[in-house]
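Trainee: Got a structure for you, final.cif, holding mmCIF, C-alpha atoms.
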data_input
loop_
_atom_site.group_PDB
_atom_site.id
_atom_site.type_symbol
_atom_site.label_atom_id
_atom_site.label_comp_id
_atom_site.auth_asym_id
_atom_site.auth_seq_id
_atom_site.Cartn_x
_atom_site.Cartn_y
_atom_site.Cartn_z
ATOM 1 C CA MET A 1 10.425 24.844 3.877
ATOM 2 C CA LYS A 2 8.670 25.234 7.219
ATOM 3 C CA LYS A 3 5.321 23.589 6.464
ATOM 4 C CA ILE A 4 4.677 20.756 3.992
ATOM 5 C CA LEU A 5 1.382 19.081 3.100
ATOM 6 C CA ILE A 6 1.459 15.612 1.492
ATOM 7 C CA ILE A 7 -1.707 14.218 -0.108
ATOM 8 C CA GLN A 8 -2.377 10.566 -0.924
ATOM 9 C CA THR A 9 -6.082 9.726 -0.737
ATOM 10 C CA ALA A 10 -5.931 6.474 -2.744
ATOM 11 C CA PHE A 11 -5.712 2.919 -1.434
ATOM 12 C CA LEU A 12 -3.868 1.370 1.492
ATOM 13 C CA GLY A 13 -0.844 0.376 -0.569
ATOM 14 C CA ASP A 14 -0.520 3.831 -2.127
ATOM 15 C CA VAL A 15 -0.415 5.420 1.329
ATOM 16 C CA ILE A 16 2.295 3.006 2.461
ATOM 17 C CA LEU A 17 4.413 3.736 -0.620
ATOM 18 C CA ALA A 18 4.014 7.479 -0.002
ATOM 19 C CA THR A 19 5.816 7.077 3.341
ATOM 20 C CA ALA A 20 9.099 6.831 1.415
ATOM 21 C CA ALA A 21 8.579 10.397 0.192
ATOM 22 C CA ILE A 22 7.541 11.513 3.677
ATOM 23 C CA ASN A 23 10.831 10.135 4.961
ATOM 24 C CA GLU A 24 12.814 11.920 2.256
ATOM 25 C CA ALA A 25 10.992 15.215 2.895
ATOM 26 C CA TYR A 26 11.835 14.882 6.578
ATOM 27 C CA ARG A 27 15.479 14.117 5.790
ATOM 28 C CA ILE A 28 15.771 17.167 3.539
ATOM 29 C CA PHE A 29 13.755 19.508 5.779
ATOM 30 C CA PRO A 30 14.246 18.127 9.325
ATOM 31 C CA GLU A 31 12.776 21.241 10.954
ATOM 32 C CA ALA A 32 9.655 21.296 8.780
ATOM 33 C CA LYS A 33 6.153 20.479 9.986
ATOM 34 C CA ILE A 34 4.933 17.678 7.698
ATOM 35 C CA ASP A 35 1.178 17.048 7.573
ATOM 36 C CA VAL A 36 -0.510 14.279 5.591
ATOM 37 C CA LEU A 37 -3.986 13.878 4.093
ATOM 38 C CA VAL A 38 -5.330 10.354 3.507
ATOM 39 C CA LYS A 39 -8.708 8.769 2.883
ATOM 40 C CA LYS A 40 -10.732 7.989 6.002
ATOM 41 C CA GLY A 41 -9.831 4.469 7.160
ATOM 42 C CA ASN A 42 -6.167 4.645 6.167
ATOM 43 C CA GLU A 43 -4.984 7.026 8.881
ATOM 44 C CA ALA A 44 -4.018 4.197 11.266
ATOM 45 C CA LEU A 45 -1.262 3.205 8.825
ATOM 46 C CA LEU A 46 0.606 6.354 9.784
ATOM 47 C CA ASP A 47 0.293 5.999 13.558
ATOM 48 C CA ASN A 48 3.557 6.497 15.482
ATOM 49 C CA ASN A 49 5.374 7.909 12.441
ATOM 50 C CA PRO A 50 7.815 10.407 14.020
ATOM 51 C CA LYS A 51 8.211 12.319 10.751
ATOM 52 C CA ILE A 52 4.528 13.349 10.611
ATOM 53 C CA SER A 53 3.121 16.255 12.613
ATOM 54 C CA GLU A 54 -0.594 15.863 11.886
ATOM 55 C CA ILE A 55 -2.782 13.437 9.935
ATOM 56 C CA PHE A 56 -5.944 14.684 8.215
ATOM 57 C CA THR A 57 -8.637 12.484 6.665
ATOM 58 C CA LEU A 58 -10.951 12.881 3.695
ATOM 59 C CA ASP A 59 -14.293 11.266 4.581
ATOM 60 C CA LYS A 60 -16.431 11.222 1.440
ATOM 61 C CA SER A 61 -19.297 9.625 3.348
ATOM 62 C CA LEU A 62 -19.917 13.087 4.814
ATOM 63 C CA GLY A 63 -20.284 14.503 1.314
ATOM 64 C CA LYS A 64 -17.363 14.900 -1.070
ATOM 65 C CA PHE A 65 -17.707 18.626 -1.712
ATOM 66 C CA ILE A 66 -18.498 19.408 1.924
ATOM 67 C CA GLU A 67 -15.262 17.646 2.888
ATOM 68 C CA ILE A 68 -13.254 19.375 0.157
ATOM 69 C CA LYS A 69 -14.488 22.750 1.383
ATOM 70 C CA ARG A 70 -13.731 21.896 5.021
ATOM 71 C CA LEU A 71 -10.216 20.685 4.255
ATOM 72 C CA THR A 72 -9.270 23.518 1.903
ATOM 73 C CA GLN A 73 -10.351 26.098 4.471
ATOM 74 C CA LEU A 74 -8.289 24.317 7.099
ATOM 75 C CA PHE A 75 -5.234 24.011 4.858
ATOM 76 C CA ARG A 76 -5.367 27.649 3.746
ATOM 77 C CA ALA A 77 -5.246 28.668 7.404
ATOM 78 C CA ASN A 78 -2.126 26.519 7.865
ATOM 79 C CA SER A 79 -0.180 28.460 5.204
ATOM 80 C CA TYR A 80 1.871 25.606 3.736
ATOM 81 C CA ASP A 81 5.062 26.326 1.842
ATOM 82 C CA LEU A 82 4.768 23.176 -0.269
ATOM 83 C CA CYS A 83 1.982 20.762 -1.162
ATOM 84 C CA LEU A 84 2.903 17.410 -2.741
ATOM 85 C CA ASN A 85 -0.084 15.594 -4.230
ATOM 86 C CA PHE A 86 0.670 11.964 -5.113
ATOM 87 C CA HIS A 87 -2.976 11.218 -5.962
ATOM 88 C CA ARG A 88 -3.948 11.480 -9.621
ATOM 89 C CA PHE A 89 -7.683 12.130 -9.420
ATOM 90 C CA GLY A 90 -10.106 15.005 -9.149
ATOM 91 C CA SER A 91 -10.924 15.468 -5.465
ATOM 92 C CA SER A 92 -7.282 15.723 -4.434
ATOM 93 C CA GLY A 93 -6.633 18.043 -7.377
ATOM 94 C CA ILE A 94 -9.284 20.487 -6.173
ATOM 95 C CA ILE A 95 -7.846 20.374 -2.658
ATOM 96 C CA THR A 96 -4.333 21.025 -3.999
ATOM 97 C CA MET A 97 -5.549 23.838 -6.214
ATOM 98 C CA ARG A 98 -7.311 25.572 -3.314
ATOM 99 C CA CYS A 99 -5.036 24.661 -0.381
ATOM 100 C CA GLY A 100 -3.207 27.981 -0.421
ATOM 101 C CA ALA A 101 0.306 26.478 -0.488
ATOM 102 C CA LYS A 102 3.013 28.634 -2.027
ATOM 103 C CA LEU A 103 4.149 25.688 -4.182
ATOM 104 C CA LYS A 104 1.676 23.089 -5.441
ATOM 105 C CA TYR A 105 3.258 19.988 -7.001
ATOM 106 C CA GLY A 106 1.421 17.023 -8.525
ATOM 107 C CA PHE A 107 1.157 14.663 -11.466
ATOM 108 C CA GLN A 108 0.111 15.741 -14.954
ATOM 109 C CA LYS A 109 -2.600 13.067 -14.963
ATOM 110 C CA ASN A 110 -4.565 14.915 -12.295
ATOM 111 C CA PRO A 111 -7.446 16.693 -14.059
ATOM 112 C CA PHE A 112 -6.710 19.889 -12.105
ATOM 113 C CA SER A 113 -2.956 19.853 -12.713
ATOM 114 C CA VAL A 114 -3.263 22.974 -14.886
ATOM 115 C CA PHE A 115 -3.586 24.860 -11.612
ATOM 116 C CA PHE A 116 -0.460 23.316 -10.042
ATOM 117 C CA THR A 117 2.819 25.209 -9.748
ATOM 118 C CA LYS A 118 4.693 22.278 -11.243
ATOM 119 C CA LYS A 119 3.451 19.100 -12.949
ATOM 120 C CA PHE A 120 5.286 15.775 -13.169
ATOM 121 C CA ARG A 121 5.003 12.792 -15.494
ATOM 122 C CA HIS A 122 3.514 9.588 -14.140
ATOM 123 C CA THR A 123 4.226 6.792 -16.600
ATOM 124 C CA ILE A 124 2.984 3.306 -15.764
ATOM 125 C CA GLY A 125 4.538 0.341 -17.539
ATOM 126 C CA ASP A 126 8.152 1.391 -18.022
ATOM 127 C CA GLY A 127 9.363 -0.401 -14.891
ATOM 128 C CA THR A 128 9.678 2.716 -12.731
ATOM 129 C CA HIS A 129 8.520 2.005 -9.186
ATOM 130 C CA GLU A 130 5.718 4.116 -7.694
ATOM 131 C CA VAL A 131 8.080 5.231 -4.932
ATOM 132 C CA ALA A 132 10.493 6.591 -7.548
ATOM 133 C CA ARG A 133 7.639 8.345 -9.366
ATOM 134 C CA ASN A 134 6.609 10.083 -6.138
ATOM 135 C CA LEU A 135 10.168 11.097 -5.349
ATOM 136 C CA THR A 136 10.513 13.005 -8.637
ATOM 137 C CA MET A 137 8.586 15.821 -6.953
ATOM 138 C CA LEU A 138 11.414 16.194 -4.427
ATOM 139 C CA HIS A 139 14.417 15.818 -6.747
ATOM 140 C CA GLU A 140 15.000 19.571 -7.019
ATOM 141 C CA PHE A 141 15.419 19.674 -3.241
ATOM 142 C CA GLY A 142 17.999 16.872 -3.193
ATOM 143 C CA ALA A 143 15.868 13.756 -2.753
ATOM 144 C CA ASN A 144 17.263 10.336 -3.557
ATOM 145 C CA LYS A 145 15.895 8.639 -6.654
ATOM 146 C CA MET A 146 14.715 5.679 -4.588
ATOM 147 C CA ALA A 147 13.875 5.001 -0.936
ATOM 148 C CA LYS A 148 11.961 2.421 1.081
ATOM 149 C CA PRO A 149 8.539 2.899 2.635
ATOM 150 C CA GLU A 150 8.228 2.505 6.386
ATOM 151 C CA LEU A 151 5.642 1.736 9.050
ATOM 152 C CA PHE A 152 5.973 2.143 12.795
ATOM 153 C CA PRO A 153 4.148 -0.491 14.856
ATOM 154 C CA SER A 154 4.088 0.452 18.538
ATOM 155 C CA GLU A 155 5.299 -1.626 21.475
ATOM 156 C CA GLN A 156 1.639 -2.460 22.076
ATOM 157 C CA ASN A 157 1.290 -3.676 18.491
ATOM 158 C CA PHE A 158 4.277 -5.990 18.890
ATOM 159 C CA SER A 159 3.035 -7.131 22.293
ATOM 160 C CA LYS A 160 -0.349 -8.055 20.802
ATOM 161 C CA VAL A 161 1.233 -10.540 18.378
ATOM 162 C CA GLU A 162 4.153 -11.747 20.515
ATOM 163 C CA GLN A 163 2.267 -14.851 21.644
ATOM 164 C CA LEU A 164 1.893 -15.839 17.965
ATOM 165 C CA LYS A 165 5.669 -16.056 17.510
ATOM 166 C CA THR A 166 6.435 -19.049 19.717
ATOM 167 C CA MET A 167 7.364 -21.217 16.725
ATOM 168 C CA PRO A 168 8.445 -20.583 13.105
ATOM 169 C CA TYR A 169 5.521 -19.250 11.071
ATOM 170 C CA PHE A 170 4.378 -17.985 7.693
ATOM 171 C CA CYS A 171 1.858 -15.250 6.908
ATOM 172 C CA ILE A 172 -0.596 -15.641 4.038
ATOM 173 C CA ALA A 173 -2.719 -12.726 2.792
ATOM 174 C CA PRO A 174 -4.927 -14.420 0.164
ATOM 175 C CA ALA A 175 -7.425 -11.679 -0.714
ATOM 176 C CA SER A 176 -7.466 -8.639 -2.969
ATOM 177 C CA VAL A 177 -10.072 -6.000 -3.772
ATOM 178 C CA TRP A 178 -9.735 -6.986 -7.447
ATOM 179 C CA LYS A 179 -10.423 -10.691 -7.902
ATOM 180 C CA THR A 180 -8.142 -11.196 -10.905
ATOM 181 C CA LYS A 181 -5.209 -9.917 -8.804
ATOM 182 C CA GLN A 182 -5.968 -12.711 -6.343
ATOM 183 C CA LEU A 183 -4.237 -16.097 -6.563
ATOM 184 C CA PRO A 184 -6.977 -18.760 -6.829
ATOM 185 C CA GLU A 185 -8.083 -20.367 -3.575
ATOM 186 C CA LYS A 186 -6.952 -23.818 -4.675
ATOM 187 C CA LYS A 187 -3.443 -22.438 -5.179
ATOM 188 C CA TRP A 188 -3.367 -21.025 -1.651
ATOM 189 C CA VAL A 189 -4.431 -24.419 -0.312
ATOM 190 C CA GLU A 190 -1.702 -26.104 -2.356
ATOM 191 C CA LEU A 191 0.915 -23.646 -1.051
ATOM 192 C CA ILE A 192 -0.133 -23.960 2.587
ATOM 193 C CA GLN A 193 0.009 -27.747 2.388
ATOM 194 C CA LYS A 194 3.688 -27.350 1.504
ATOM 195 C CA LEU A 195 4.294 -24.878 4.329
ATOM 196 C CA ILE A 196 2.599 -26.764 7.177
ATOM 197 C CA PRO A 197 5.539 -29.155 7.781
ATOM 198 C CA GLN A 198 7.820 -26.107 8.197
ATOM 199 C CA GLY A 199 5.821 -24.164 10.760
ATOM 200 C CA ARG A 200 2.560 -22.491 11.674
ATOM 201 C CA VAL A 201 0.547 -20.609 9.034
ATOM 202 C CA TYR A 202 -1.420 -17.430 9.756
ATOM 203 C CA LEU A 203 -4.138 -16.228 7.390
ATOM 204 C CA LEU A 204 -4.311 -12.421 7.362
ATOM 205 C CA GLY A 205 -6.883 -10.016 6.016
ATOM 206 C CA ALA A 206 -9.635 -7.538 6.759
ATOM 207 C CA LYS A 207 -13.133 -8.395 7.996
ATOM 208 C CA ASP A 208 -14.319 -8.671 4.385
ATOM 209 C CA ASP A 209 -11.703 -11.395 3.831
ATOM 210 C CA VAL A 210 -13.008 -13.682 6.591
ATOM 211 C CA PRO A 211 -15.139 -15.860 4.234
ATOM 212 C CA LEU A 212 -12.192 -16.580 1.902
ATOM 213 C CA CYS A 213 -9.810 -17.297 4.781
ATOM 214 C CA THR A 214 -12.422 -19.510 6.450
ATOM 215 C CA SER A 215 -12.907 -21.475 3.245
ATOM 216 C CA ILE A 216 -9.145 -21.998 2.921
ATOM 217 C CA LEU A 217 -8.958 -23.073 6.554
ATOM 218 C CA ASN A 218 -11.805 -25.559 6.110
ATOM 219 C CA SER A 219 -10.062 -27.099 3.091
ATOM 220 C CA LEU A 220 -6.928 -27.777 5.145
ATOM 221 C CA ARG A 221 -8.294 -28.816 8.542
ATOM 222 C CA SER A 222 -4.945 -28.415 10.249
ATOM 223 C CA GLU A 223 -4.331 -27.073 13.751
ATOM 224 C CA LYS A 224 -1.222 -25.369 12.417
ATOM 225 C CA VAL A 225 -3.301 -23.058 10.203
ATOM 226 C CA ILE A 226 -4.911 -20.168 12.076
ATOM 227 C CA ASN A 227 -7.361 -17.645 10.634
ATOM 228 C CA LEU A 228 -6.566 -14.124 11.885
ATOM 229 C CA ALA A 229 -8.604 -12.263 9.251
ATOM 230 C CA GLY A 230 -10.427 -9.329 10.797
ATOM 231 C CA GLN A 231 -8.631 -9.708 14.129
ATOM 232 C CA LEU A 232 -5.512 -7.583 13.687
ATOM 233 C CA SER A 233 -5.025 -3.905 12.906
ATOM 234 C CA PHE A 234 -2.788 -2.751 10.049
ATOM 235 C CA LEU A 235 0.175 -2.213 12.344
ATOM 236 C CA GLU A 236 -0.404 -5.424 14.310
ATOM 237 C CA SER A 237 -0.328 -7.304 11.008
ATOM 238 C CA ALA A 238 2.883 -5.449 10.127
ATOM 239 C CA ALA A 239 4.425 -6.451 13.474
ATOM 240 C CA LEU A 240 3.545 -10.091 12.807
ATOM 241 C CA MET A 241 4.739 -10.066 9.190
ATOM 242 C CA ARG A 242 8.127 -8.625 10.130
ATOM 243 C CA ASP A 243 9.311 -11.813 11.848
ATOM 244 C CA ALA A 244 7.651 -14.403 9.601
ATOM 245 C CA LYS A 245 9.813 -16.998 7.856
ATOM 246 C CA ARG A 246 8.111 -15.698 4.739
ATOM 247 C CA ASN A 247 5.041 -13.721 3.745
ATOM 248 C CA HIS A 248 2.996 -14.808 0.736
ATOM 249 C CA VAL A 249 0.829 -12.091 -0.803
ATOM 250 C CA ASN A 250 -0.934 -10.877 -3.934
ATOM 251 C CA ASP A 251 -0.185 -7.639 -5.758
ATOM 252 C CA SER A 252 -2.109 -5.761 -3.055
ATOM 253 C CA GLY A 253 -1.828 -3.890 0.241
ATOM 254 C CA PRO A 254 -0.097 -6.621 2.301
ATOM 255 C CA LEU A 255 2.715 -6.655 -0.271
ATOM 256 C CA HIS A 256 3.502 -3.055 0.620
ATOM 257 C CA ILE A 257 3.209 -3.750 4.340
ATOM 258 C CA ALA A 258 5.921 -6.376 3.862
ATOM 259 C CA SER A 259 8.065 -3.862 1.971
ATOM 260 C CA ALA A 260 7.637 -1.267 4.705
ATOM 261 C CA MET A 261 8.757 -3.785 7.354
ATOM 262 C CA ASN A 262 11.543 -5.154 5.102
ATOM 263 C CA ALA A 263 9.975 -8.569 5.700
ATOM 264 C CA PRO A 264 10.742 -11.587 3.481
ATOM 265 C CA VAL A 265 8.018 -11.828 0.865
ATOM 266 C CA THR A 266 6.838 -13.761 -2.167
ATOM 267 C CA ALA A 267 4.420 -11.770 -4.324
ATOM 268 C CA TYR A 268 2.045 -13.440 -6.794
ATOM 269 C CA PHE A 269 1.182 -11.299 -9.818
ATOM 270 C CA CYS A 270 -1.829 -12.636 -11.716
ATOM 271 C CA SER A 271 -3.585 -10.149 -14.024
ATOM 272 C CA THR A 272 -1.157 -7.301 -13.259
ATOM 273 C CA VAL A 273 2.584 -7.094 -13.892
ATOM 274 C CA PRO A 274 5.557 -5.850 -11.830
ATOM 275 C CA VAL A 275 6.570 -3.294 -14.497
ATOM 276 C CA PHE A 276 3.537 -1.237 -13.457
ATOM 277 C CA GLY A 277 5.767 -0.187 -10.562
ATOM 278 C CA PHE A 278 4.194 -1.766 -7.497
ATOM 279 C CA GLY A 279 6.553 -4.670 -6.884
ATOM 280 C CA PRO A 280 8.150 -5.697 -3.567
ATOM 281 C CA LEU A 281 10.976 -3.653 -2.052
ATOM 282 C CA SER A 282 12.105 -5.975 0.742
ATOM 283 C CA ASP A 283 15.734 -7.104 0.671
ATOM 284 C CA ASP A 284 14.474 -10.692 0.507
ATOM 285 C CA SER A 285 11.724 -10.607 -2.111
ATOM 286 C CA GLU A 286 10.506 -12.897 -4.858
ATOM 287 C CA ILE A 287 7.978 -12.429 -7.653
ATOM 288 C CA LYS A 288 5.990 -15.293 -9.148
ATOM 289 C CA GLU A 289 3.928 -14.910 -12.313
ATOM 290 C CA VAL A 290 2.892 -16.641 -15.526
ATOM 291 C CA LEU A 291 4.898 -15.308 -18.452
ATOM 292 C CA GLY A 292 4.032 -15.419 -22.151
ATOM 293 C CA LEU A 293 0.292 -14.703 -21.984
ATOM 294 C CA ASP A 294 -0.726 -12.237 -24.702
ATOM 295 C CA CYS A 295 -3.769 -11.171 -22.633
ATOM 296 C CA ARG A 296 -1.689 -10.128 -19.632
ATOM 297 C CA PRO A 297 -1.865 -7.529 -18.222
ATOM 298 C CA CYS A 298 -5.568 -7.001 -18.817
ATOM 299 C CA GLY A 299 -5.668 -3.730 -16.876
ATOM 300 C CA LEU A 300 -4.000 -1.637 -14.221
ATOM 301 C CA HIS A 301 -6.082 -3.075 -11.379
ATOM 302 C CA GLY A 302 -7.810 -6.128 -12.783
ATOM 303 C CA TYR A 303 -11.440 -7.239 -12.792
ATOM 304 C CA ASP A 304 -13.974 -9.222 -10.793
ATOM 305 C CA VAL A 305 -13.656 -12.042 -13.338
ATOM 306 C CA CYS A 306 -11.205 -12.848 -16.108
ATOM 307 C CA PRO A 307 -12.268 -11.020 -19.322
ATOM 308 C CA LYS A 308 -11.205 -14.084 -21.334
ATOM 309 C CA GLY A 309 -12.978 -16.541 -19.049
ATOM 310 C CA HIS A 310 -9.935 -18.782 -18.437
ATOM 311 C CA PHE A 311 -7.839 -16.958 -15.789
ATOM 312 C CA LYS A 312 -4.635 -18.607 -16.973
ATOM 313 C CA CYS A 313 -2.598 -15.896 -15.268
ATOM 314 C CA GLY A 314 -3.683 -17.381 -11.943
ATOM 315 C CA ASP A 315 -2.069 -20.729 -12.746
ATOM 316 C CA ILE A 316 1.159 -19.791 -10.966
ATOM 317 C CA GLU A 317 3.510 -22.430 -9.627
ATOM 318 C CA VAL A 318 3.548 -22.202 -5.831
#
Before anything else, please render the file you have as structure tokens.

Mentor:
Amino acid sequence: MKKILIIQTAFLGDVILATAAINEAYRIFPEAKIDVLVKKGNEALLDNNPKISEIFTLDKSLGKFIEIKRLTQLFRANSYDLCLNFHRFGSSGIITMRCGAKLKYGFQKNPFSVFFTKKFRHTIGDGTHEVARNLTMLHEFGANKMAKPELFPSEQNFSKVEQLKTMPYFCIAPASVWKTKQLPEKKWVELIQKLIPQGRVYLLGAKDDVPLCTSILNSLRSEKVINLAGQLSFLESAALMRDAKRNHVNDSGPLHIASAMNAPVTAYFCSTVPVFGFGPLSDDSEIKEVLGLDCRPCGLHGYDVCPKGHFKCGDIEV
């Protein structure tokens, strides 16, 4: 293989988990040019990755079909030997189908998989990790059954957060896109109250998470709790999380950042369950959840509000 295209145009966490397969592809084909396609906004996750030659982005705000046409024309000109599509939905399937690669591999669940060279099962709920599911596409070439994702913060990224590491600290990422995957605010306050005597506490998140982090901060009124939501890039957050005494996260993107940095992490699973295959991969990892609820899991991603109206799965001991 001289040229490989890897596609993962889903969410932040999915892109991070795909880096394990990128690493394996590089190990197997060290001379190959490996390009990656991600959704616009996620490309910064892959900065400084020495295994990647070029990063392409799919920007649907410019028009989905205009972008698909632009990218497929570009990819056909690149003459890839192998395309690995880890995304299971239509737009990536069209791109894979029309990319011109000699071999087109993807999951059966993709609606355009009939046009792939080889299709692979993607079973959620049997305990197989997403990383392992992705790696099945590389097994015939000698890939390991499991590997760890990886991120590469730069020296500048580490320098940006160095001043925050002057005393022991914890990182808290309290938000999630899906509200029922998010530990209730009162639980975060309860947890942080226990952590304050042990060190400083940093609240992490995107700009959209500022209101939640501000509300948590206002409930605590402690100088040892600092709201960094919206102030750090992906890789700056990764650089900070790496050296934390512990990171506390939901079943969401920051969980996978912790895995990629092999940072100590406690993951809180509310409406979703670890057997879906998105659990932590750090050497020092812990999962907390409420067992025995017949309504859990209520879906693969969760909802804005609990379908039952009680949100008992969020009553996790912290």

Trainee: Find the distance between CA of Ile68 in chain A and CA of Gln8 in chain A and write it in Å to one decimal.

Mentor: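 Computed distance, CA of Ile68 in chain A to CA of Gln8 in chain A, equals 14.0 Å.
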
Trainee: Might you pull out every residue within 12 Å of Lys148 in chain A, with all atoms listed in the file counted and same-chain residues fewer than 5 positions away left off, and present them as a PyMOL selection string?

Mentor: chain A and resi 16-24+129-132+134-135+256-262+279-283

Trainee: Listing only residues of range 132-185 of chain A within 12 Å of range 35-54 of chain A, what is the closest atom pair and its distance in Å (to one decimal) for each, using only C-alpha atoms, sorted by chain and residue number ascending, as a Markdown table?

Mentor:
| residue | atom | partner | partner_atom | distance |
| --- | --- | --- | --- | --- |
| A:Pro149 | CA | A:Leu46 | CA | 11.2 |
| A:Glu150 | CA | A:Asn49 | CA | 8.6 |
| A:Leu151 | CA | A:Leu46 | CA | 6.9 |
| A:Phe152 | CA | A:Asn48 | CA | 5.7 |
| A:Pro153 | CA | A:Asn48 | CA | 7.0 |
| A:Ser154 | CA | A:Asn48 | CA | 6.8 |
| A:Glu155 | CA | A:Asn48 | CA | 10.2 |
| A:Gln156 | CA | A:Asn48 | CA | 11.3 |
| A:Asn157 | CA | A:Asn48 | CA | 10.8 |

Trainee: As a VMD selection string, please: the residues near Arg70 in chain A (cut-off 10 Å, all atoms listed in the file, same-chain neighbours under 5 positions excluded).

Mentor: chain A and resid 58 64 to 65 75 95

Trainee: Give me, please, the distance in Å between CA of Met1 in chain A and CA of Arg27 in chain A, quoted to one decimal.

Mentor: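 For CA of Met1 in chain A relative to CA of Arg27 in chain A, the distance reads 12.0 Å.
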
Trainee: Please evaluate the PyMOL selection byres ((chain A and resi 137) around 8) against the structure above and give the resulting residues as a tab-separated table (two decimals) with C-alpha atoms, in the coordinates of the input.

Mentor:
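So part32.tsv came out as:
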chain	number	residue	atom	x	y	z
A	84	LEU	CA	2.90	17.41	-2.74
A	105	TYR	CA	3.26	19.99	-7.00
A	106	GLY	CA	1.42	17.02	-8.52
A	120	PHE	CA	5.29	15.78	-13.17
A	133	ARG	CA	7.64	8.35	-9.37
A	134	ASN	CA	6.61	10.08	-6.14
A	135	LEU	CA	10.17	11.10	-5.35
A	136	THR	CA	10.51	13.00	-8.64
A	138	LEU	CA	11.41	16.19	-4.43
A	139	HIS	CA	14.42	15.82	-6.75
A	140	GLU	CA	15.00	19.57	-7.02

Trainee: Write out as a ChimeraX atom specification which residues come within 9 Å of range 270-276 of chain A when counting all atoms listed in the file, dropping same-chain ones fewer than 4 positions away.

Mentor: /A:123-130,180-183,250-251,280,287-290,295-303,306,311-316

Trainee: Would you mind listing what lies within 7 Å of Ala10 in chain A as a list in words, with only C-alpha atoms counted and same-chain residues fewer than 3 positions away left out?

Mentor: Asp14, Val15, Lys39 and His87 of chain A

Trainee: Might you spell out which residues the PyMOL selection byres ((chain A and resi 162-164) around 12) would select in the displayed file, as an MDAnalysis selection string?

Mentor: chainID A and resid 155:161 165:171 199:202 224:228 232 236:237 239:244

Trainee: For the residues selected in the previous step, produce a file with C-alpha atoms as an mmCIF file, in the coordinates of the input.

Mentor:
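The resulting file, again_9.cif, is shown below:
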data_model
loop_
_atom_site.group_PDB
_atom_site.id
_atom_site.type_symbol
_atom_site.label_atom_id
_atom_site.label_comp_id
_atom_site.auth_asym_id
_atom_site.auth_seq_id
_atom_site.Cartn_x
_atom_site.Cartn_y
_atom_site.Cartn_z
ATOM 1 C CA GLU A 155 5.299 -1.626 21.475
ATOM 2 C CA GLN A 156 1.639 -2.460 22.076
ATOM 3 C CA ASN A 157 1.290 -3.676 18.491
ATOM 4 C CA PHE A 158 4.277 -5.990 18.890
ATOM 5 C CA SER A 159 3.035 -7.131 22.293
ATOM 6 C CA LYS A 160 -0.349 -8.055 20.802
ATOM 7 C CA VAL A 161 1.233 -10.540 18.378
ATOM 8 C CA LYS A 165 5.669 -16.056 17.510
ATOM 9 C CA THR A 166 6.435 -19.049 19.717
ATOM 10 C CA MET A 167 7.364 -21.217 16.725
ATOM 11 C CA PRO A 168 8.445 -20.583 13.105
ATOM 12 C CA TYR A 169 5.521 -19.250 11.071
ATOM 13 C CA PHE A 170 4.378 -17.985 7.693
ATOM 14 C CA CYS A 171 1.858 -15.250 6.908
ATOM 15 C CA GLY A 199 5.821 -24.164 10.760
ATOM 16 C CA ARG A 200 2.560 -22.491 11.674
ATOM 17 C CA VAL A 201 0.547 -20.609 9.034
ATOM 18 C CA TYR A 202 -1.420 -17.430 9.756
ATOM 19 C CA LYS A 224 -1.222 -25.369 12.417
ATOM 20 C CA VAL A 225 -3.301 -23.058 10.203
ATOM 21 C CA ILE A 226 -4.911 -20.168 12.076
ATOM 22 C CA ASN A 227 -7.361 -17.645 10.634
ATOM 23 C CA LEU A 228 -6.566 -14.124 11.885
ATOM 24 C CA LEU A 232 -5.512 -7.583 13.687
ATOM 25 C CA GLU A 236 -0.404 -5.424 14.310
ATOM 26 C CA SER A 237 -0.328 -7.304 11.008
ATOM 27 C CA ALA A 239 4.425 -6.451 13.474
ATOM 28 C CA LEU A 240 3.545 -10.091 12.807
ATOM 29 C CA MET A 241 4.739 -10.066 9.190
ATOM 30 C CA ARG A 242 8.127 -8.625 10.130
ATOM 31 C CA ASP A 243 9.311 -11.813 11.848
ATOM 32 C CA ALA A 244 7.651 -14.403 9.601
#

Trainee: Which value, in Å to one decimal, gives the distance between CA of Gln108 in chain A and CA of His122 in chain A?

Mentor: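 Atom-to-atom, CA of Gln108 in chain A to CA of His122 in chain A, that is 7.1 Å.
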
Trainee: For the structure provided, state which residues fall under the PyMOL selection byres ((chain A and resi 318) around 8), and present them as a PyMOL selection string.

Mentor: chain A and resi 187+190-191+316-317

Trainee: Could you write out as AutoDock Vina command-line options the box around range 186-199 of chain A (axis-aligned, all atoms listed in the file, 8 Å on each side), with centre and edge lengths in Å to one decimal?

Mentor:
--center_x 0.4 --center_y -25.1 --center_z 2.8 --size_x 30.8 --size_y 24.1 --size_z 31.9

Trainee: Taking only C-alpha atoms into account, which of A:Ile7, A:Val114, A:Ala25, A:Leu204 comes nearest Leu71 in chain A?

Mentor: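 Of all the options, A:Ile7 lies closest to Leu71 in chain A.
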
Trainee: May I have the protein, DNA and RNA residues with an atom at most 12 Å from (-5.3, 30.4, -3.8), counting all atoms listed in the file in the file's coordinates, returned as a ChimeraX atom specification?

Mentor: /A:72-73,75-77,79-80,94-104,115-117
